[in-house]
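The structure appears right after this line, and notes come after that.
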Amino acid sequence: MKKKILWMIAAILLCGASVMLTSCSKDDDNNGGSAPQEKAKYTIMFYGCGGGDVDVMLEGAFNSILNAVIESKGQVRFMVMYSMSKDDTKYKKINPNFDPNVFWGELGMTYRYEMCDETFKDFTEKNGQQLYRERLKYKPASEVKLYEKATLMEYIEWCKKTAPAENYILIPCNHGGGFDLDTEVTRGIMYDDNHKGMGLSVKSIAAALKETNTHLKAIYWYGCLMGQLEVLTETAPYCDYQFTSTHVARVNEDHPVSLIKALTASPNDFEQAALKQRQYLETSFLYAFKNAKDKDENLNPENCDFGCWRSDKIAAINAQVKEMGELITSNYTEQKGGVDAASMSVYVYEWQYPHVDVLDYADNLALYMDENAQTQAKAKDVAENLRKAIEAANVYRINGVFRKYKGTDVKTLRGTFSLGISLYTKEDDDYQKHAANFKSSAFDQATGWSKWLDMNTVSVMPETIEELLNPVNNSDVELWWLDDDEE
């Protein structure tokens with residue numbers, strides 16, 4: 001069944017090298033850009049699309065991100081490739097008088113460039129908008145297939161040639177669907193309405209990095225539902241860190257701005273920079289949302305999260321998931337009732353998506369698989385070892401609890417509502433149609449999790465959203481941090 005793409009609440013865009021640089025890169029026919037320069041500390045490669053309703057929010061971040069780049073004094077360069085939406089249909093539904101000329105970019109056009117002193121003039125001069133539109137055009141979006149591996153590969157190579165750096169960060173931006181099974185080739189992010197909603201697969205991203213011989217300092221997954229083990233595992237060999245939201249993403253310009261500021265403050269220690277970024281997000285992102293919520297009684301309560309993960313620690317998590325899968329499959333005949341109860345009790349991240357909290361699943365199995373002491377003891381060991389592995393992989397974790405069910409916070413058995421990594425547990429007919437895609441994933445190769453999916457007859461999906469949450473507005477917010485001395 002075709003999944004409904006969850007819209008991310010985004011306000012990011014595009015920026016690049018400091019005005020301290022002597023030249024600025026823009027595209028030309030041979031993608032040459034500027035002449036080779038001294039390596040920056042970081043080059044951030046932004047790659048995304050408007051995707052129907054994100055253009056306004058993307059462009060709203062221009063000036064704040066540009067200022068952060070300028071303040072980096074050349075330590076951080078920011079490359080841009082994004083396609084504007086095909087047309088303004090989405091906006092006219094919201095506002096019949098919507099004028100597409102308010103955009104800096106032109107609808108249906110792809111832009112590719114480095115933002116620096118030249119693009120700064122576009123934001124400050126009288127005719128800056130028109131200069132931006134004409135000077136920085138790349139190609140019509142209809143001619144640019146962002147969802148194809150070859151397009152991403154060419155962009156990565158262009159970025160590396162144009163803005164060489166000691167470290168590279170990739171930001172795939174726009175609506176995310178996690179490790180989506182609902183297409184012939186699994187697709188995870190950047191559903192482009194210029195090409196009938198085609199998205200870029202997680203597997204294609206991994207392949208592009210491998211084939212360009214590019215090892216990233218980080219992938220900043222800038223979309224919804226990307227905190228799946230299936231996603232993290234696929235790209236772990238090609239990056240040191242991954243930033244994810246496992247729920248529908250609550251993101252805005254604070255994300256790229258905070259990342260640039262943190263890298264500028266701690267350029268030689270990435271984890272220290274990540275922790276600084278967390279401080280920015282705690283104050284400017286979650287609390288800003290709480291204040292907005294307090295002022296708007298119609299703002300629906302939803303859970304949100306964001307975190308940073310060490311890629312080299314994902315294998316240890318998968319080792320425990322493999323143990324969990326083997327425990328389930330070897331005992332399912334005798335303990336079907338307990339396993340099914342655990343499957344139906346686990347924390348589900350988003351309605352309509354069978355992405356469950358992996359640690360809460362292990363905890364529920366330990367609770368319900370109680371027909372013999374040996375099995376229960378094994379389940380408890382798996383859960384405890386999984387908890388340790390997740391904490392070892394975590395650099396920082398921000399949770400905001402907004403969702404209520406029957407007046408109670410929706411939480412896991414451990415008291416918080418998640419640790420921020422999800423796992424696919426099967427939607428009734430989707431897995432049956434696309435099992436081959438899942439079985440080709442790096443995650444399944446490491447864990448054999450599909451053996452359980454082939455057996456599982458229980459859907460974790462609630463029949464209605466009312467079963468998952470009580471849609472009554474509530475301004476109470478709890479923030480949970482995953483620290484060494486907590487959980």
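Identifiers for the structure tokens are assigned positionally: chains receive A, B, ... in sequence, residues are indexed from 1 per chain, and ligands are indexed from 1 in the order shown.
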* To do: Using only C-alpha atoms, determine which residues lie at most 10 Å from A:Lys41, disregarding the query and same-chain residues fewer than 2 positions distant; provide the list as a list in words.
  =>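 My reading of the contact set: Glu38, Lys39, Thr43, Gly74, Gln75, Val76, Arg77, Pro164, Ala165, Glu166, Asn167, Tyr168, Leu263, Thr264, Pro267 and Asn268 of chain A.
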Item to check | Test item: residues at most 12 Å from A:Val102, only C-alpha atoms, excluding those fewer than 2 positions along its chain, as a PyMOL selection string | outcome: chain A and resi 55-56+59-60+88+91+97-100+104-107+129-130+133
**OP:** Identify, on the basis of only C-alpha atoms, every residue whose closest approach to stretch 393-397 of chain A does not exceed 8 Å; exclude the query and any residue fewer than 4 positions from it along the same chain; express the result as a VMD selection string.
**Re:** chain A and resid 271 274 to 275 278 305 to 314 389 419 to 420 481 to 483
Exercise for the section: Can you pull out every residue within 9 Å of A:Val144, counting only C-alpha atoms, but drop anything in the same chain fewer than 6 positions away, and send it as a list in words? Expected result: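 Result of the neighbour search: Ser83, Thr110, Thr151 and Asn194 of chain A.
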Using the selection just defined, write its residues with all heavy atoms as an mmCIF file, in the first residue's frame.
```
data_model
loop_
_atom_site.group_PDB
_atom_site.id
_atom_site.type_symbol
_atom_site.label_atom_id
_atom_site.label_comp_id
_atom_site.auth_asym_id
_atom_site.auth_seq_id
_atom_site.Cartn_x
_atom_site.Cartn_y
_atom_site.Cartn_z
ATOM 1 N N SER A 83 16.128 21.541 -5.478
ATOM 2 C CA SER A 83 15.114 21.814 -6.494
ATOM 3 C C SER A 83 13.899 22.442 -5.848
ATOM 4 O O SER A 83 13.389 21.936 -4.839
ATOM 5 C CB SER A 83 14.696 20.526 -7.208
ATOM 6 O OG SER A 83 15.749 20.019 -7.999
ATOM 7 N N THR A 110 16.209 24.041 -10.489
ATOM 8 C CA THR A 110 17.222 23.518 -9.574
ATOM 9 C C THR A 110 18.362 24.524 -9.465
ATOM 10 O O THR A 110 18.782 25.113 -10.467
ATOM 11 C CB THR A 110 17.775 22.176 -10.069
ATOM 12 O OG1 THR A 110 16.712 21.230 -10.116
ATOM 13 C CG2 THR A 110 18.859 21.640 -9.131
ATOM 14 N N THR A 151 23.201 11.246 -9.862
ATOM 15 C CA THR A 151 23.101 12.685 -9.605
ATOM 16 C C THR A 151 23.797 13.044 -8.303
ATOM 17 O O THR A 151 24.538 14.035 -8.227
ATOM 18 C CB THR A 151 21.628 13.114 -9.550
ATOM 19 O OG1 THR A 151 20.949 12.665 -10.724
ATOM 20 C CG2 THR A 151 21.505 14.624 -9.450
ATOM 21 N N ASN A 194 8.717 17.223 -8.563
ATOM 22 C CA ASN A 194 9.076 17.424 -9.965
ATOM 23 C C ASN A 194 9.157 16.101 -10.720
ATOM 24 O O ASN A 194 9.177 16.072 -11.943
ATOM 25 C CB ASN A 194 10.427 18.142 -10.072
ATOM 26 C CG ASN A 194 10.363 19.587 -9.623
ATOM 27 O OD1 ASN A 194 9.860 20.443 -10.333
ATOM 28 N ND2 ASN A 194 10.869 19.849 -8.427
#
```
